[in-house]
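Note sheet for the following structure.
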Number of protein chains: 2
Amino acid sequence: MTTVDDPAALTPDRARAAFRDGTVAPTSGWATGFTQTNLIAVPRDWAYDVLLFCQRNPRPCPVLDVTDPGSTSTVLAPGADLSRDLPSYRVWRDGELAEEVGDVSGLWPEDLVAFSIGCSFTFETGLLAAGVPLRHLEQGRNVSMYVTNRQCRPAGRLHGPMVVSMRYIPADRVAEAIRISGAMPAVHGAPVHAGDPADLGIADPGRPDFGDAVEPAAGDVPVFWACGVTPQAALMASRPPFAITHSPGHMFITDHRDSEYRVSV
Amino acid sequence: MTTVDDPAALTPDRARAAFRDGTVAPTSGWATGFTQTNLIAVPRDWAYDVLLFCQRNPRPCPVLDVTDPGSTSTVLAPGADLSRDLPSYRVWRDGELAEEVGDVSGLWPEDLVAFSIGCSFTFETGLLAAGVPLRHLEQGRNVSMYVTNRQCRPAGRLHGPMVVSMRYIPADRVAEAIRISGAMPAVHGAPVHAGDPADLGIADPGRPDFGDAVEPAAGDVPVFWACGVTPQAALMASRPPFAITHSPGHMFITDHRDSEYRVSV
């Protein structure tokens, strides 16, 4: 296992090499400015349902790449190996978590298709650059995520509610946070909701369904973005015979810069 | 057959009703401000390849909706019937054009999946609103389209070159045309090229592969956008046993406004 002194300054290939060599750590703050992705890998028989679910629900499920069956290569990082270069993986059998491991190269069937799904870490770079405070980072916590009362549009065997991430934003910076994230439709885009957790069916923002509780500062407003956990939750609810995903917070670090997903107008 | 006096002023449902009643006409200029789409319908066995080809080539192939197998309904126009509401259809067998008809409701197999693909007519509304002249409309012609020397990223059985549409734009309006179309990534987005047809392998802009030749005005520059004909060309080259498409220029008129596909930043 490699010791990493300054993970934020690493290039993506050196970060992936550290994970391949055995480092296990959440990737938030690693290789600053480079896009990280959610991983969902399923047998070819399930791939159309997953791809269609993503097409029908582009806000929570922005697809950045899909592999050919059996391949562990991605255009997002030529030379990388999706089965070895993430810090931690979850292996699912019949919709149940079977094991959590640091390498799945020996578990990758020849018909497996891997989806790389965009992640809200991408627009966080833009928010921080504009001086919009991110409370979960200030508090050293994972972002808060919630299952909402909004149903996704179903696709084949896949259906389920939209999952959102929440960030407390100072009321006078909400417009700017919306503008910055709205310019990145390929990585969740603008918020789906701002200001009223109850309207999304969230009884208590202090009790997230995934991630950590985060404390607001005075004058903060809760702002909600569609979340990349959505397709994973829908997939597991439909119980495919086999699947591999990243472990929460342990993302794939691509060679693409966050700025490449910004629409320039 | 209905007589239509002012097709530009029609609502989408009345335009579709005219086509359902037997009117056959190119849809350019119909129901101004409402989004029109390309239609590609294939058997379920081919649907994953088509959807993946589109995901891997989003500039030429922006997917706006995909139907469930056998369904002729689309979220783009609730109440519309994709098998009757276009002015003209092409039916393909083994990659060959078999017939061109005004109604395919009797030819729609129960496993057929229909893709609605974005169309550059959508950003033309924005160009016209900004006063950017569109020479093909001034000259009463179809837009010029060309097969380029740029290969799309293959997906399963589908591969082929990118097809582009070309518009002559006054040199001092090119930046504005790029800005306006670039804000609509779901309908081809910014141009893929400006100024040098030869670099795309286009020997003579006066001899398009599809559509009509258009005359430039003095000071015009040829600007090239990825074109929705691309997936249709790739599909036909791979010779599926059966497919239905729209006839060139005879698009599906949706209930969505062009402005809905603009990213606001």
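Labels for the structure tokens follow display order: chains A, B, ..., residues from 1 in each chain, ligands from 1.
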With only C-alpha atoms as the counted atoms, please give the residues lying no more than 6 Å from B:Thr230, apart from itself and same-chain residues fewer than 2 positions off, as a PyMOL selection string. chain B and resi 162-163+227-228+232-233
Would you mind exporting the chosen residues as a CSV table (one decimal), in the first residue's frame, restricted to N, CA and C atoms?
chain,number,residue,atom,x,y,z
B,162,MET,N,-19.8,10.4,-39.4
B,162,MET,CA,-20.6,11.5,-39.0
B,162,MET,C,-21.2,12.3,-40.2
B,163,VAL,N,-22.5,12.5,-40.2
B,163,VAL,CA,-23.1,13.4,-41.2
B,163,VAL,C,-23.3,14.7,-40.6
B,227,CYS,N,-25.4,16.1,-37.5
B,227,CYS,CA,-26.7,16.0,-38.0
B,227,CYS,C,-27.4,14.7,-37.6
B,228,GLY,N,-28.7,14.8,-37.4
B,228,GLY,CA,-29.5,13.7,-37.0
B,228,GLY,C,-29.7,12.6,-38.0
B,232,GLN,N,-29.3,7.2,-38.6
B,232,GLN,CA,-30.1,6.5,-39.6
B,232,GLN,C,-29.2,5.9,-40.6
B,233,ALA,N,-28.2,6.7,-41.0
B,233,ALA,CA,-27.2,6.2,-42.0
B,233,ALA,C,-26.4,5.0,-41.4
Could you write out as a PyMOL selection string the residues of chain A within 12 Å of chain B, counting only C-alpha atoms? chain A and resi 44-58+62-69+74-76+113+115-116+153-157+175-186+189-190+261-265
Skipping near chain neighbours, those fewer than 4 positions away, what residues fall within 8 Å of A:Thr72 using only C-alpha atoms, listed as a ChimeraX atom specification? /A:67,81-83,114
Would you save the residues of that selection, restricted to C-alpha atoms, as a PDB file, in the first residue's frame?
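For reference, selection.pdb as written:
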ATOM      1  CA  THR A  67     -17.988  -0.237 -21.972  1.00  0.00           C
ATOM      2  CA  ASP A  81      -8.618  -0.641 -15.617  1.00  0.00           C
ATOM      3  CA  LEU A  82     -12.144  -0.289 -14.212  1.00  0.00           C
ATOM      4  CA  SER A  83     -11.763  -3.584 -12.348  1.00  0.00           C
ATOM      5  CA  ALA A 114     -19.841  -1.064 -17.060  1.00  0.00           C
TER       6      ALA A 114
END
Quick one: pick out all strand (DSSP E or B) residues within stretch 74-166 of chain B from a backbone DSSP run and write them as a ChimeraX atom specification. /B:89-93,96-101,112-118,144-151,155,158,161-166
List every residue of stretch 1-186 of chain A that DSSP, applied to the backbone of this structure, places in helix (DSSP H, G or I), and write the result as a PyMOL selection string. chain A and resi 7-9+12-20+44-56+105-107+121-129+135-138+171-182+185-186
Distance query B:Pro216 at most 8 Å, only C-alpha atoms, self and fewer than 3 positions along chain excluded, as a ChimeraX atom specification: /B:135,168,220-221
Written selection (N, CA and C atoms) as a short mmCIF file (atom, residue, chain, number, x, y, z; two decimals), in the first residue's frame:
data_model
loop_
_atom_site.label_atom_id
_atom_site.label_comp_id
_atom_site.auth_asym_id
_atom_site.auth_seq_id
_atom_site.Cartn_x
_atom_site.Cartn_y
_atom_site.Cartn_z
N ARG B 135 -29.71 30.98 -45.04
CA ARG B 135 -29.79 31.07 -46.50
C ARG B 135 -30.73 30.03 -47.09
N TYR B 168 -24.55 28.52 -44.31
CA TYR B 168 -23.69 29.67 -44.56
C TYR B 168 -24.08 30.79 -43.61
N ASP B 220 -20.09 35.20 -46.49
CA ASP B 220 -20.59 34.06 -45.70
C ASP B 220 -19.48 33.03 -45.48
N VAL B 221 -19.56 32.35 -44.35
CA VAL B 221 -18.63 31.27 -43.99
C VAL B 221 -19.43 29.99 -43.82
#
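When atom CA of B:Val104 is paired with atom CA of B:Thr254, their separation reads 18.2 Å.
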Tell me, as a ChimeraX atom specification, which residues lie within 10 Å of B:Phe224, counting only C-alpha atoms; anything in the same chain fewer than 5 positions away does not count. /B:144-146,163-168,190-197,200
Show me, as a ChimeraX atom specification, the residues that have an atom within 12 Å of B:Thr245 when counting only C-alpha atoms, minus same-chain residues fewer than 6 positions from it. /B:37-42,82-83,86-93,95,97-104,108,112-117,228-229,231-233,235-236,251-252
